[in-house]
Structures are given as structure tokens and as C-alpha cells.
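Each remark here refers to the structure printed beneath this line.
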Amino acid sequence: MIVLAGMLLAACGPAPTTVAPNTAVPPTVEPTQAAKGCDAPMGSAPIPFPSGGKTVTGAWSQEPDSIVPYYSQMSYAIWITQLTLAGLGEWNETGEFVADLATFPPTAANGGVSADGLTVTWHLRPCLYWSDGQPLTSDDVKFTWESVMDPGNAVASRVGYDKIASFDTPDDTTVVLHFSELYPPWQTLFTQGPNNSGGILPRHILNGKTALENDPFIHWPTISSGPWVITDWVPGDHMTLLPNPNFYSGRAKLDQVQIKFVPDPETALAALQTGDIDWYPDFSESDIATVGALEPTVHLMVKPGFDFEHYFFNLGVKGTGAGQSDIEGFCPFKDENVRKAITLGINRQAFVDNLLDGKTTVPSTQWPNSSWTNSSLVPDPYDAEGAKALLDAAGYTPGADGIRHGMCGGVDTKLSFNFETTTKQIRVDIALAVQSDLAKIGIEFKPIHTPAGTFFATYTDGGNMATGKFDMAGYTTGFYPDPMSGVMDSFSCATVPNAANPSGVNNYHLCNPDLDVLLQAVNATADPAARKVALDAAQKYIFDHYYVVMAYARANVYGMVDRFVPAPFGFASNLNWNSEVWDVK
Amino acid sequence: LVQAVFTLLIITIVCFILTRLSADPLAQYATNPNMSAADRAALRERLGLNQPIPIQYLKWIGLAVQGDMGLSFFSKQPVLGMIGQRLPMTLVLMVTAEIFILTFALLLGIISAVKQYSLLDNVITSFSFIGFSMPIFFIALGLMLIFAVKFKQLGWPFLPTGADIWNPKDVSQLIRHMVLPVTALVIISTANYSRFVRSSILEVLGLDYIRTAHAKGLTKRAVLFKHALRNAALPFVTIVGLDIPAMLGGALITESVFAWPGMGRLFWEYAQRGDFPVVNGVLLITSSAVVIFTIITDLVYTFVDPRIRLS
């Protein structure tokens with residue numbers, strides 16, 4: 001009865017949803033912009049949705065907790081910033097670093113990066129305006145830096161920004177960054193990337209304010225420098241965006257973008273089929289086959305990325321000094337042959353083919369699908385016999401129960417260990433496949449699945465990884481957009497967590513001074529070619545020592561209806577870039 | 001009242017400790033390359049997580065009793081405001097569902113009891129078993145598949161799947177979106193409650209005073225509605241009394257499946273991230289409601305059953 005009543009209502013057809021047009025205020029022109037010969041801004045408020053206008057509707061599984069990502073590290077905050085708050089540069093669909101609010105990306109060749117790598121000069125496009133008609137100048141970039149560094153503002157991170165010693169703005173369009181020390185990942189500052197967001201903030205709105213983390217603008221910016229302005233946000237439900245009349249490359253092709261918040265992929269799948277939404281970017285690799293089966297109603301798009309799922313060994317050495325852990329890692333893992341045998345004994349290509357529908361690959365390095373990867377390295381193929389031979393040679397022979405054992409550190413040790421990971425379904429499925437593979441070579445692999453909030457808990461909260469209470473573990477990570485983003489934290493001796501260093505995040509508990517030296521060499525120069533050579537050497541070292549088992553390169557999985565025409569995009573740019581050219585068929 | 005306050009205090013302590021131990025708010029940053037160890041340490045201090053849990057609790061409860069539930073760790077919004085945004089949507093959904101549930105449950109339960117072992121009773125009983133044997137997500141997704149996806153494919157009028165629910169200029173949009181989640185909730189709960197009503201009435205119908213009423217020559221209708229139903233309603237009042245506060249907590253699965261922006265989703269989404277000011281705020285509201293409505297239910301007993309006195 002309820003459904004029938006609903007069908008009657010549905011038959012009446014939905015009334016068009018429009019956002020109340022903003023009351024337009026006559027645009028104002030700052031003297032400085034007018035004096036430079038700039039045209040007046042095109043408006044001072046978002047362009048109202050016209051009757052019969054073009055609109056698209058996407059859905060995200062979560063809503064951003066804040067719109068300005070300096071105060072959030074949520075992916076969705078980065079995504080919404082791509083639509084609303086432009087940075088100086090960004091990464092395009094092929095992963096190339098390109099200009100956004102700037103005219104071109106600084107390089108050593110164009111004089112944008114000094115010979116010593118300590119000074120970086122950006123040139124803004126001329127005649128930039130915020131969506132409210134106020135000029136956007138180098139002073140806004142400087143304000144952004146000042147607000148990030150202001151101790152009164154509780155930003156999530158100051159990484160990199162704290163390496164800027166001084167900041168010059170010789171004119172309205174020139175920004176000169178003087179670094180206190182060589183900082184090769186400078187491209188991640190004030191720019192929009194797949195893993196970072198540095199949208200420029202407006203001085204004329206936020207100047208003089210402190211504790212910006214609680215400011216309404218941070219939660220919901222009223223103006224924009226990107227293609228869109230957020231005009232409506234019903235928490236937990238949807239967000240509506242209208243075109244910024246002053247976007248530097250002209251107003252967006254579409255008249256409206258709506259983002260719905262749909263936590264359940266099954267619901268998103270149904271919504272794509274009914275046309276309630278036009279795209280959904282939050283499918284997981286385990287949904288590939290399901291989404292693919294909906295062609296031609298729904299198109300599947302898989303974008304292999306820089307993230308990777310990997311399994312790793314607890315290599316901790318018990319002690320209280322730097323680089324040491326509270327707990328000794330599982331003894332047999334100290335033997336490189338055992339680590340190699342485990343790598344050879346897991347049929348990684350099989351689960352890529354069978355569980356991931358062959359849409360991704362087994363990577364050889366921690367920089368998959370990236371120009372930074374050492375392409376001379378090839379993943380070891382599945383070789384159960386080779387694995388058995390290695391274990392035999394290492395002194396681990398099958399016992400009566402079929403599980404191998406041998407002497408390690410003077411103790412007869414069974415090759416039986418726990419593997420910890422999260423409860424994500426694809427991880428459960430793959431862990432079972434690994435368990436079966438390793439059983440064939442006489443290893444007992446015991447998966448333990450815990451919720452992410454517990455699995456990733458920090459040292460202070462007693463997290464198993466941080467405190468070293470695990471044998472083997474697995475999760476996804478990735479080092480980008482700069483190839484050294486997070487690398488030192490993950491691999492160096494200085495970041496092994498222990499009582500004296502509870503903030504350390506070297507979850508491998510690996511401390512190898514030789515590897516430290518190799519990795520430090522990558523950041524010892526600003527020259528990209530020299531960095532590549534250094535990084536290649538570090539990758540080979542990690543590869544040759546079998547410190548981690550690279551499971552598969554993660555991919556972003558999208559479902560998209562035919563009418564929606566996004567800009568060409570890749571993993572680095574992500575779908576949300578160049579949204580000003582989005583269109584409908 | 002003192003007992004109620006004490007109960008509430010115990011509930012807050014248990015909930016606080018459980019939520020605090022269930023997820024580390026900083027866990028989501030564990031592999032974030034953009035945050036340094038110093039950033040993480042600063043965040044821990046800023047959120048007060050470096051203090052002992054009892055101190056964290058005392059600070060939280062101290063503010064909560066003054067009506068300040070603090071700020072969300074991640075959205076930096078006042079928790080009370082966030083709850084205020086979601087509560088109306090939950091109430092709209094749950095109250096509507098509850099009205100249908102009670103109506104159908106009473107109707108089907110009475111029919112089933114009065115017509116015991118008849119074909120109608122067997123049909124109602126069968127559907128009841130089917131209803132409460134099925135998980136809510138199965139019913140919810142099944143309804144969506146049929147009335148949204150399949151109807152659309154057949155070119156028939158179809159219902160929306162979820163989200164973009166609230167448009168102040170078009171209330172019918174809200175009603176259209178309510179149809180499927182309300183139906184899912186009604187199917188599950190009506191099945192359960194109608195069985196309960198049936199057994200309560202059957203139990204009462206077998207008592208001496210009902211036989212006496214029949215012997216006095218009262219009509220079946222009079223016996224049922226004037227004598228049996230009132231006594232059979234007593235246990236039902238208890239269940240409904242506990243249902244009302246539970247409504248405030250929302251329906252986690254139903255809200256998630258239909259992307260309904262209610263309290264259940266608020267709780268779940270922030271619980272996963274370890275945002276315990278939000279989680280504890282929701283728990284405090286719902287547990288307070290349980291305590292209050294339990295007292296109200298006790299008061300209602302005195303009206304339903306004159307034999308019960310407050311003293």
C-alpha cells in the first residue's frame with residue numbers, strides 16, 4: 001500500500017530542483033587590476049541555474065568533513081577542493097605536473113627553480129578574480145602560507161610549508177619561495193594533487209582571523225577560485241555547486257553539479273541504473289566484475305594508480321634505542337631466503353586475474369604505474385618449487401603436520417604465523433588465497449582481520465602494527481605525488497616506533513642504515529634526473545632484499561553513465577580535475 | 001529519578017570507554033604521507049588524546065551536563081548542531097514507519113488471534129515468519145531493485161534510490177524518498193510485532209474474566225475491545241515505550257542503504273573514524289531518551305492497567 005502510494009507520487013514526476021539564485025551584487029574592480037588593463041570580473045556571485053540548464057549528479061561514499069584540506073586530510077576534502085579552490089599547479093591525466101592558477105610550472109630550465117634548488121618562483125596568470133569579484137593575487141598565496149604556519153591555526157599538517165624560510169611577492173603575480181633547506185617535493189605545496197591539496201585562501205575574507213579550523217569559511221567556503229562554488233549543502237545528503245563566473249579559463253560548460261552522499265556501493269549501483277546519479281568513484285576492485293556486467297547502461301572505468309596493496313614482515317629488533325622495537329619480529333623473517341620463499345610461494349598473478357578481473361598488475365616496486373618506478377625490476381613469478389627449495393636450504397623442513405620448522409636463533413621454530421589486516425572484503429578473499437598458496441609450501445598463514453580504526457591505531461593507543469605485536473601484516477599505501485612523499489617515514493631507522501618514539505610510523509620496524517643512505521640520496525638533489533637514478537638504486541635494494549611482498553597495484557574503480565562526459569582523467573589528476581569542461585551528451 | 005541519573009552515568013562511562021577503545025581517531029592518518037610524526041603528535045595533543053581516559057571522560061561529561069557536547073574531531077562542528085541537523089530526518093523516517101508498524105501490527109495481530117488457525121491466520125503467520133526471517137539489508141536492496149531499477153527498466157513510474165532527499169521547495173520529493181525505507185522498516189517490524197500482539201491477545205482470551213464476560217452475554221466485539229485488548233496491550237506498551245527512544249538513534253542499515261541523512265548514519269560514519277565526541281553525543285541522546293521513556297512507560301502502565309499504582 002505504501003509502495004503503491006509512492007508509485008503514484010513517482011508518476012507525478014520529480015519537480016525540478018533548483019537552488020535559489022544568489023542576489024547578484026554589482027561587480028567591483030580593484031584599482032590594481034583595472035590599472036593592469038584587466039577586464040572587469042564577469043560577476044560577483046555564482047551563476048544561477050537556468051531553466052532547462054545542464055546538470056550532472058555524482059555520488060561519493062562519504063561527505064567531506066571540511067572543504068579546506070589544510071584542516072583535513074580526507075580524500076573527499078581534496079576532491080571538493082579540486083572543484084572549488086584552485087592551486088598554483090596540478091597533475092594532469094598522464095601524471096604530468098602542469099600549471100593551474102600559474103602561467104607555467106617552475107623548472108630549472110625556465111628559471112623558476114634556482115640552481116641550488118632553494119628558490120622557487122611562480123608566476124600567476126594575470127587578471128585572476130575570486131568568484132566574488134575580488135582580485136586574486138600573489139598576496140593571497142602569501143596569506144595561505146602565513147595561515148598554515150600561524151600557530152593559532154590548527155592545521156592538519158605543515159609538512160613542506162615549514163621549510164619555507166621567507167616569501168616574496170614583488171608584484172601581484174609573482175610568488176618567490178625561499179626554502180631554508182633543499183626541499184625537492186616543493187611541487188606538493190600550494191598545488192592540487194591526488195594526495196595533497198594546496199588551494200589558495202582569500203586574504204580579503206580570512207585576514208586577521210585566528211583558530212581558522214573553527215571558521216565557517218573553512219567548513220564551507222562562500223567564494224571560490226575554481227570552476228565551481230558550493231551553494232547548497234545538506235549534511236549527509238547532497239551538495240550543489242554552481243559555476244564561478246570568474247574562473248580563469250571561463251565559466252564551466254555545465255550549469256550545475258550535484259554531489260550526493262551514498263555510503264553503500266550497492267545503492268550507488270542501483271542509482272546509476274536508474275539515472276539518479278551519473279558517476280560513482282568509490283567502487284572497490286572487488287566490484288569490477290559487477291559494474292562491468294552493467295554495460296552498456298553503466299560504463300566501468302578502472303584507473304590503475306600509484307597506491308599498492310602489500311604484505312610485509314615484522315623485521316623489528318627488540319631494544320630501546322633508536323631504530324629498535326618493543327618486540328622482536330618473527331625470527332624466520334630475518335632470513336632473506338624465507339622472505340623470498342614466501343614471495344615466490346604466493347600466486348599473486350592468480351588473484352589479480354581471478355579476484356581483480358585482471359584489471360590491475362603485480363608491481364615490482366613501491367612506485368607502480370609511475371614514471372619513478374625502476375622499470376628494470378620484474379616481479380618474481382609464482383614458483384612453489386623454488387620456494388620449497390629456498391626453505392629447504394634455509395633449514396626449514398616439513399614436520400609431521402606438514403608445516404615446516406627449523407632452528408632460528410637457537411630455537412626450533414615452526415613456520416606458522418599470524419597475518420593482520422583490515423576487514424575489507426577483498427582483503428579477506430585474498431588472504432584466503434594466500435593461506436592456500438602458502439599451505440602448499442608448508443607454511444601456516446593465519447589471517448586476522450580487524451577494523452581499520454583498530455588495525456591502524458597508533459603506538460599510544462596500543463595499535464598492533466605500531467607496537468610491533470604482529471608477525472606479518474598487509475594494507476595499502478603509496479608514495480606520491482612526489483616520489484619521496486612519506487617514504488622516509490615508512491622506511492627509515494628514525495621512524496621505527498617505540499616508547500621513546502611513539503609517533504614513528506615505520507610499520508615494517510625495519511632499520512637498515514644502508515637503505516637510509518640510499519633513500520636520503522634521493523632528497524639530496526633537486527635535479528629530477530639525479531633523483532630518479534638515486535631512487536632506482538633504493539628500489540633495487542628493497543626489491544633484492546624482499547622486505548615486502550608487493551601484492552597488486554590498487555586502482556580507482558568508477559561507474560559512469562553514458563550521458564556524462566568528464567575531462568580525460570587518470571589516477572594522478574583524478575576525475576575531479578578540469579571539471580570546467582565536463583559536459584553531457 | 002536518582003536511579004535514572006545513576007543509570008545514565010553508568011551508561012555514559014561504559015559507552016565512553018567502549019568507543020574510546022574501539023577505534024583510534026588518529027588511525028586514519030597512520031599511512032598518510034602528508035603528515036609528519038610531529039603533526040600527528042600535535043594533533044593527538046590538540047584533541048586531548050594524550051590524557052588518561054578517565055580525565056578525557058571527566059572533561060567530556062563535565063561539558064555534556066552543561067549542554068556542550070564539544071566539537072567533532074574531524075568536521076570541527078559542534079556535536080549538538082550536527083545531531084540537530086540529522087535528528088529531524090531520522091524522526092520523519094522513524095515516526096512515519098512506527099505509525100504504519102503499530103497500525104498494521106495491531107490489525108494483523110488481532111485478526112490473527114481472533115481467527116486463530118484459520119486460513120487467514122496461517123497466511124498472516126507465514127508472511128510474518130518470512131518478514132522477520134529476512135535481514136533488513138536484503139529487504140531494502142530487494143525493494144530498491146524492484147521498485148527503482150526494474151520499474152525504470154520497464155518504463156514504469158519508479159521510486160528514487162536515495163540521497164538528495166530534502167528540498168524545502170518540494171516536499172513530495174521527501175515523500176517519494178520515504179516510501180522504500182519506510183516499507184522496509186514496516187515489513188521487518190510489523191512481522192515481529194503482529195506475532196507479539198497475537199500471542200498477547202490469545203493469552204488474555206483464555207483467562208477466566210473473558211469467559212465471564214462472554215457468559216454475561218457481551219458481544220465478541222465488546223469482549224475483545226473493552227476487556228481483552230486493554231490487558232493484552234500492557235506488554236505491547238513496554239515494547240513501544242522502548243521503541244520510541246530507539247527511534248532517535250535511527251536505523252543504521254536502512255539509512256545507509258537508502259542514503260538517508262539520519263542519526264544512524266551519523267553515528268556509524270563517525271564511529272568508523274573514531275570521532276568519539278560525535279559518537280558519545282549520539283549515544284548520550286539515545287540513552288537519555290531510553291531512561292526517560294522507560295519512566296514514561298511506567299506512568300502509562302497506570303492508565304492502561306488500573307491495578308498498577310505508582311506507589
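Here, A, B, ... name the chains of the C-alpha cells in the order displayed, residue numbers run from 1 inside each chain, and ligands are numbered from 1 in the same displayed order.
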
Need the shell around Phe104 of chain A: protein/DNA/RNA residues with any atom at most 12 Å away, counting only C-alpha atoms. Skip same-chain ones fewer than 3 positions apart. Format as a list in words?
Leu88, Gly89, Glu90, Phe97, Val98, Ala99, Asp100, Leu101, Thr107, Ala109, Asn110, Gly111, Gly112, Thr121, Trp122, His123, Leu124, Arg125 and Thr174 of chain A

For the residues selected in the previous step, produce a file with N, CA, C and O atoms as a PDB file, in the first residue's frame.
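What follows is the written file selection.pdb:
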```
ATOM      1  N   LEU A  88      48.256  26.515  -7.358  1.00  0.00           N
ATOM      2  CA  LEU A  88      49.164  27.076  -8.372  1.00  0.00           C
ATOM      3  C   LEU A  88      49.389  26.079  -9.504  1.00  0.00           C
ATOM      4  O   LEU A  88      49.559  26.451 -10.654  1.00  0.00           O
ATOM      5  N   GLY A  89      49.436  24.798  -9.157  1.00  0.00           N
ATOM      6  CA  GLY A  89      49.665  23.768 -10.168  1.00  0.00           C
ATOM      7  C   GLY A  89      48.861  22.530  -9.852  1.00  0.00           C
ATOM      8  O   GLY A  89      48.192  22.453  -8.809  1.00  0.00           O
ATOM      9  N   GLU A  90      48.911  21.561 -10.751  1.00  0.00           N
ATOM     10  CA  GLU A  90      48.187  20.293 -10.547  1.00  0.00           C
ATOM     11  C   GLU A  90      48.805  19.220 -11.441  1.00  0.00           C
ATOM     12  O   GLU A  90      49.712  19.514 -12.222  1.00  0.00           O
ATOM     13  N   PHE A  97      53.058  17.266 -14.285  1.00  0.00           N
ATOM     14  CA  PHE A  97      52.799  18.437 -13.444  1.00  0.00           C
ATOM     15  C   PHE A  97      52.552  19.644 -14.353  1.00  0.00           C
ATOM     16  O   PHE A  97      53.405  19.986 -15.170  1.00  0.00           O
ATOM     17  N   VAL A  98      51.400  20.261 -14.202  1.00  0.00           N
ATOM     18  CA  VAL A  98      51.032  21.390 -15.076  1.00  0.00           C
ATOM     19  C   VAL A  98      50.555  22.572 -14.230  1.00  0.00           C
ATOM     20  O   VAL A  98      50.294  22.430 -13.040  1.00  0.00           O
ATOM     21  N   ALA A  99      50.459  23.721 -14.874  1.00  0.00           N
ATOM     22  CA  ALA A  99      50.056  24.928 -14.157  1.00  0.00           C
ATOM     23  C   ALA A  99      48.539  24.951 -13.957  1.00  0.00           C
ATOM     24  O   ALA A  99      47.790  24.358 -14.737  1.00  0.00           O
ATOM     25  N   ASP A 100      48.107  25.656 -12.913  1.00  0.00           N
ATOM     26  CA  ASP A 100      46.680  25.860 -12.671  1.00  0.00           C
ATOM     27  C   ASP A 100      46.449  27.372 -12.583  1.00  0.00           C
ATOM     28  O   ASP A 100      46.197  28.016 -13.610  1.00  0.00           O
ATOM     29  N   LEU A 101      46.589  27.968 -11.433  1.00  0.00           N
ATOM     30  CA  LEU A 101      46.485  29.427 -11.354  1.00  0.00           C
ATOM     31  C   LEU A 101      47.750  30.086 -11.902  1.00  0.00           C
ATOM     32  O   LEU A 101      47.747  31.280 -12.222  1.00  0.00           O
ATOM     33  N   THR A 107      60.542  25.421 -13.486  1.00  0.00           N
ATOM     34  CA  THR A 107      61.569  24.393 -13.703  1.00  0.00           C
ATOM     35  C   THR A 107      62.923  25.085 -13.686  1.00  0.00           C
ATOM     36  O   THR A 107      62.996  26.320 -13.766  1.00  0.00           O
ATOM     37  N   ALA A 109      64.944  24.868 -16.100  1.00  0.00           N
ATOM     38  CA  ALA A 109      65.141  25.357 -17.473  1.00  0.00           C
ATOM     39  C   ALA A 109      64.492  26.726 -17.688  1.00  0.00           C
ATOM     40  O   ALA A 109      65.053  27.577 -18.387  1.00  0.00           O
ATOM     41  N   ASN A 110      63.325  26.955 -17.087  1.00  0.00           N
ATOM     42  CA  ASN A 110      62.669  28.258 -17.316  1.00  0.00           C
ATOM     43  C   ASN A 110      63.004  29.281 -16.229  1.00  0.00           C
ATOM     44  O   ASN A 110      62.394  30.346 -16.162  1.00  0.00           O
ATOM     45  N   GLY A 111      63.957  28.930 -15.388  1.00  0.00           N
ATOM     46  CA  GLY A 111      64.410  29.869 -14.363  1.00  0.00           C
ATOM     47  C   GLY A 111      63.524  29.884 -13.131  1.00  0.00           C
ATOM     48  O   GLY A 111      63.785  30.639 -12.194  1.00  0.00           O
ATOM     49  N   GLY A 112      62.520  29.049 -13.098  1.00  0.00           N
ATOM     50  CA  GLY A 112      61.612  29.023 -11.954  1.00  0.00           C
ATOM     51  C   GLY A 112      62.224  28.365 -10.730  1.00  0.00           C
ATOM     52  O   GLY A 112      61.792  28.616  -9.606  1.00  0.00           O
ATOM     53  N   THR A 121      60.207  30.144  -8.043  1.00  0.00           N
ATOM     54  CA  THR A 121      59.421  31.327  -8.410  1.00  0.00           C
ATOM     55  C   THR A 121      58.223  30.914  -9.266  1.00  0.00           C
ATOM     56  O   THR A 121      58.377  30.231 -10.284  1.00  0.00           O
ATOM     57  N   TRP A 122      57.063  31.313  -8.812  1.00  0.00           N
ATOM     58  CA  TRP A 122      55.825  31.061  -9.559  1.00  0.00           C
ATOM     59  C   TRP A 122      55.324  32.384 -10.146  1.00  0.00           C
ATOM     60  O   TRP A 122      55.462  33.437  -9.508  1.00  0.00           O
ATOM     61  N   HIS A 123      54.724  32.298 -11.320  1.00  0.00           N
ATOM     62  CA  HIS A 123      54.075  33.478 -11.906  1.00  0.00           C
ATOM     63  C   HIS A 123      52.597  33.163 -12.081  1.00  0.00           C
ATOM     64  O   HIS A 123      52.235  32.218 -12.797  1.00  0.00           O
ATOM     65  N   LEU A 124      51.759  33.954 -11.413  1.00  0.00           N
ATOM     66  CA  LEU A 124      50.309  33.747 -11.545  1.00  0.00           C
ATOM     67  C   LEU A 124      49.825  34.242 -12.897  1.00  0.00           C
ATOM     68  O   LEU A 124      50.420  35.140 -13.502  1.00  0.00           O
ATOM     69  N   ARG A 125      48.706  33.674 -13.332  1.00  0.00           N
ATOM     70  CA  ARG A 125      48.043  34.215 -14.526  1.00  0.00           C
ATOM     71  C   ARG A 125      47.624  35.652 -14.207  1.00  0.00           C
ATOM     72  O   ARG A 125      47.239  35.944 -13.065  1.00  0.00           O
ATOM     73  N   THR A 174      53.698  37.589  -8.952  1.00  0.00           N
ATOM     74  CA  THR A 174      54.930  36.825  -8.747  1.00  0.00           C
ATOM     75  C   THR A 174      55.045  36.360  -7.294  1.00  0.00           C
ATOM     76  O   THR A 174      54.877  37.145  -6.369  1.00  0.00           O
TER      77      THR A 174
END
```

Within 9 Å of segment 483-501 of chain A, which residues of segment 357-386 of chain A come that close, and what is the closest atom pair and distance in Å for each? Count only C-alpha atoms and give it as CSV.
```
residue,atom,partner,partner_atom,distance
A:Trp367,CA,A:Pro483,CA,7.4
A:Ser370,CA,A:Pro483,CA,8.9
A:Trp372,CA,A:Pro483,CA,6.8
```

Between A:Val548, A:Ala268, A:Val229, A:Leu438, single out the one closest to chain B, counting only C-alpha atoms.
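Using only C-alpha atoms, chain B sits closest to A:Ala268.
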
Using only C-alpha atoms, select each residue of chain A with any atom at most 8 Å away from an atom of chain B, and give the selection as a ChimeraX atom specification.
/A:2-3,6-11,14-15,17,65-66,72-73,156-159,195-196,213-214,219,234-238,260-264,266-267,270-271,273-274,276,452-458,460-461,477,479,485-487,489,503-505

Would you pick out the contacts of Val282 of chain B at 9 Å or less, using only C-alpha atoms, so that residues sharing its chain but fewer than 5 positions from it are not included, and give the list as a PyMOL selection string?
chain B and resi 79-80+83+248-249+263-264+266-267+277+287

Selected residues written out with N, CA and C atoms, as a PDB file, in the first residue's frame:
```pdb
ATOM      1  N   VAL B  79      28.934  19.229  18.112  1.00  0.00           N
ATOM      2  CA  VAL B  79      28.241  17.939  18.012  1.00  0.00           C
ATOM      3  C   VAL B  79      26.721  18.123  18.107  1.00  0.00           C
ATOM      4  N   LEU B  80      26.327  19.012  19.000  1.00  0.00           N
ATOM      5  CA  LEU B  80      24.889  19.221  19.178  1.00  0.00           C
ATOM      6  C   LEU B  80      24.254  19.723  17.868  1.00  0.00           C
ATOM      7  N   ILE B  83      23.956  16.837  15.448  1.00  0.00           N
ATOM      8  CA  ILE B  83      22.814  15.991  15.802  1.00  0.00           C
ATOM      9  C   ILE B  83      21.518  16.696  15.407  1.00  0.00           C
ATOM     10  N   LEU B 248      15.221   7.587  17.994  1.00  0.00           N
ATOM     11  CA  LEU B 248      16.156   8.711  17.930  1.00  0.00           C
ATOM     12  C   LEU B 248      17.515   8.273  17.396  1.00  0.00           C
ATOM     13  N   GLY B 249      17.836   7.035  17.659  1.00  0.00           N
ATOM     14  CA  GLY B 249      19.117   6.518  17.183  1.00  0.00           C
ATOM     15  C   GLY B 249      19.114   6.206  15.710  1.00  0.00           C
ATOM     16  N   MET B 263      20.383   9.911  11.977  1.00  0.00           N
ATOM     17  CA  MET B 263      21.258   9.704  13.134  1.00  0.00           C
ATOM     18  C   MET B 263      22.061   8.399  13.034  1.00  0.00           C
ATOM     19  N   GLY B 264      21.449   7.371  12.486  1.00  0.00           N
ATOM     20  CA  GLY B 264      22.127   6.086  12.370  1.00  0.00           C
ATOM     21  C   GLY B 264      23.387   6.214  11.543  1.00  0.00           C
ATOM     22  N   LEU B 266      24.978   9.041  10.865  1.00  0.00           N
ATOM     23  CA  LEU B 266      25.901   9.952  11.557  1.00  0.00           C
ATOM     24  C   LEU B 266      26.748   9.159  12.550  1.00  0.00           C
ATOM     25  N   PHE B 267      26.065   8.328  13.317  1.00  0.00           N
ATOM     26  CA  PHE B 267      26.746   7.521  14.327  1.00  0.00           C
ATOM     27  C   PHE B 267      27.776   6.597  13.673  1.00  0.00           C
ATOM     28  N   PRO B 277      33.601  12.308  20.211  1.00  0.00           N
ATOM     29  CA  PRO B 277      32.628  13.314  20.668  1.00  0.00           C
ATOM     30  C   PRO B 277      31.272  13.146  19.963  1.00  0.00           C
ATOM     31  N   SER B 287      20.558   7.224  24.910  1.00  0.00           N
ATOM     32  CA  SER B 287      20.423   6.556  26.220  1.00  0.00           C
ATOM     33  C   SER B 287      19.588   7.398  27.179  1.00  0.00           C
TER      34      SER B 287
END
```

Minimum-distance residue to Ser249 of chain A, chosen among A:Val565, A:Ala473, A:Ala102, A:Ile542 (using only C-alpha atoms):
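The shortest atom-to-atom distance to Ser249 of chain A comes from A:Ala102.
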
Could you give me, as a list in words, the residues within 9 Å of Lys163 of chain A, counting only C-alpha atoms and dropping anything in the same chain fewer than 3 positions from it?
Arg158, Val159, Gly160, His178, Phe179, Ser180, Glu181, Leu182 and Tyr183 of chain A

Next, dump the selected residues to file, keeping only N, CA, C and O atoms, as an mmCIF file, in the first residue's frame.
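Writing done, so here's again.cif:
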```cif
data_model
loop_
_atom_site.group_PDB
_atom_site.id
_atom_site.type_symbol
_atom_site.label_atom_id
_atom_site.label_comp_id
_atom_site.auth_asym_id
_atom_site.auth_seq_id
_atom_site.Cartn_x
_atom_site.Cartn_y
_atom_site.Cartn_z
ATOM 1 N N ARG A 158 51.919 20.705 8.461
ATOM 2 C CA ARG A 158 52.722 21.820 7.933
ATOM 3 C C ARG A 158 53.894 21.274 7.114
ATOM 4 O O ARG A 158 54.837 22.008 6.826
ATOM 5 N N VAL A 159 53.804 19.986 6.768
ATOM 6 C CA VAL A 159 54.912 19.354 6.052
ATOM 7 C C VAL A 159 55.234 20.158 4.793
ATOM 8 O O VAL A 159 54.368 20.406 3.961
ATOM 9 N N GLY A 160 56.478 20.551 4.673
ATOM 10 C CA GLY A 160 56.941 21.303 3.494
ATOM 11 C C GLY A 160 56.784 22.796 3.664
ATOM 12 O O GLY A 160 57.709 23.553 3.375
ATOM 13 N N HIS A 178 61.494 31.027 -0.746
ATOM 14 C CA HIS A 178 62.889 30.783 -0.353
ATOM 15 C C HIS A 178 62.881 29.683 0.700
ATOM 16 O O HIS A 178 62.340 29.873 1.795
ATOM 17 N N PHE A 179 63.479 28.563 0.346
ATOM 18 C CA PHE A 179 63.485 27.427 1.271
ATOM 19 C C PHE A 179 64.697 27.482 2.190
ATOM 20 O O PHE A 179 65.784 27.907 1.781
ATOM 21 N N SER A 180 64.494 27.035 3.405
ATOM 22 C CA SER A 180 65.596 27.022 4.368
ATOM 23 C C SER A 180 66.561 25.875 4.088
ATOM 24 O O SER A 180 67.705 25.897 4.502
ATOM 25 N N GLU A 181 66.075 24.843 3.446
ATOM 26 C CA GLU A 181 66.922 23.716 3.065
ATOM 27 C C GLU A 181 66.334 23.119 1.794
ATOM 28 O O GLU A 181 65.194 23.440 1.408
ATOM 29 N N LEU A 182 67.114 22.284 1.148
ATOM 30 C CA LEU A 182 66.635 21.691 -0.104
ATOM 31 C C LEU A 182 65.346 20.911 0.169
ATOM 32 O O LEU A 182 65.295 20.074 1.067
ATOM 33 N N TYR A 183 64.340 21.219 -0.597
ATOM 34 C CA TYR A 183 63.061 20.521 -0.406
ATOM 35 C C TYR A 183 62.539 20.093 -1.782
ATOM 36 O O TYR A 183 61.688 20.756 -2.385
#
```

Would you give me, as an MDAnalysis selection string, the residues in segment 155-215 of chain A that DSSP reads as strand (DSSP E or B)?
chainID A and resid 164:171 174:179 191:192 197

Output file for the residues above (C-alpha atoms, as a compact mmCIF listing (two decimals), in the first residue's frame):
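Written output follows (out30.txt):
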```
# COMPACT_ATOMS: atom_id res chain seq x y z
CA ILE A 164 59.87 27.93 3.52
CA ALA A 165 62.14 30.47 5.21
CA SER A 166 60.74 33.55 3.54
CA PHE A 167 58.17 34.53 0.98
CA ASP A 168 58.46 37.38 -1.51
CA THR A 169 55.69 38.90 -3.60
CA PRO A 170 57.46 41.53 -5.70
CA ASP A 171 54.27 42.16 -7.67
CA THR A 174 54.93 36.83 -8.75
CA VAL A 175 55.48 34.46 -5.84
CA VAL A 176 59.02 33.68 -4.70
CA LEU A 177 59.55 30.88 -2.18
CA HIS A 178 62.89 30.78 -0.35
CA PHE A 179 63.48 27.43 1.27
CA THR A 191 49.08 22.70 -5.55
CA GLN A 192 46.31 20.18 -6.11
CA SER A 197 45.71 19.82 -1.69
```

Long-range neighbours of His449 of chain A as a list in words, 6 Å cut-off, only C-alpha atoms, 3 positions minimum in chain
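With the cut-off at 6 Å, the set is Glu420, Thr421, Thr422 and Thr423 of chain A.
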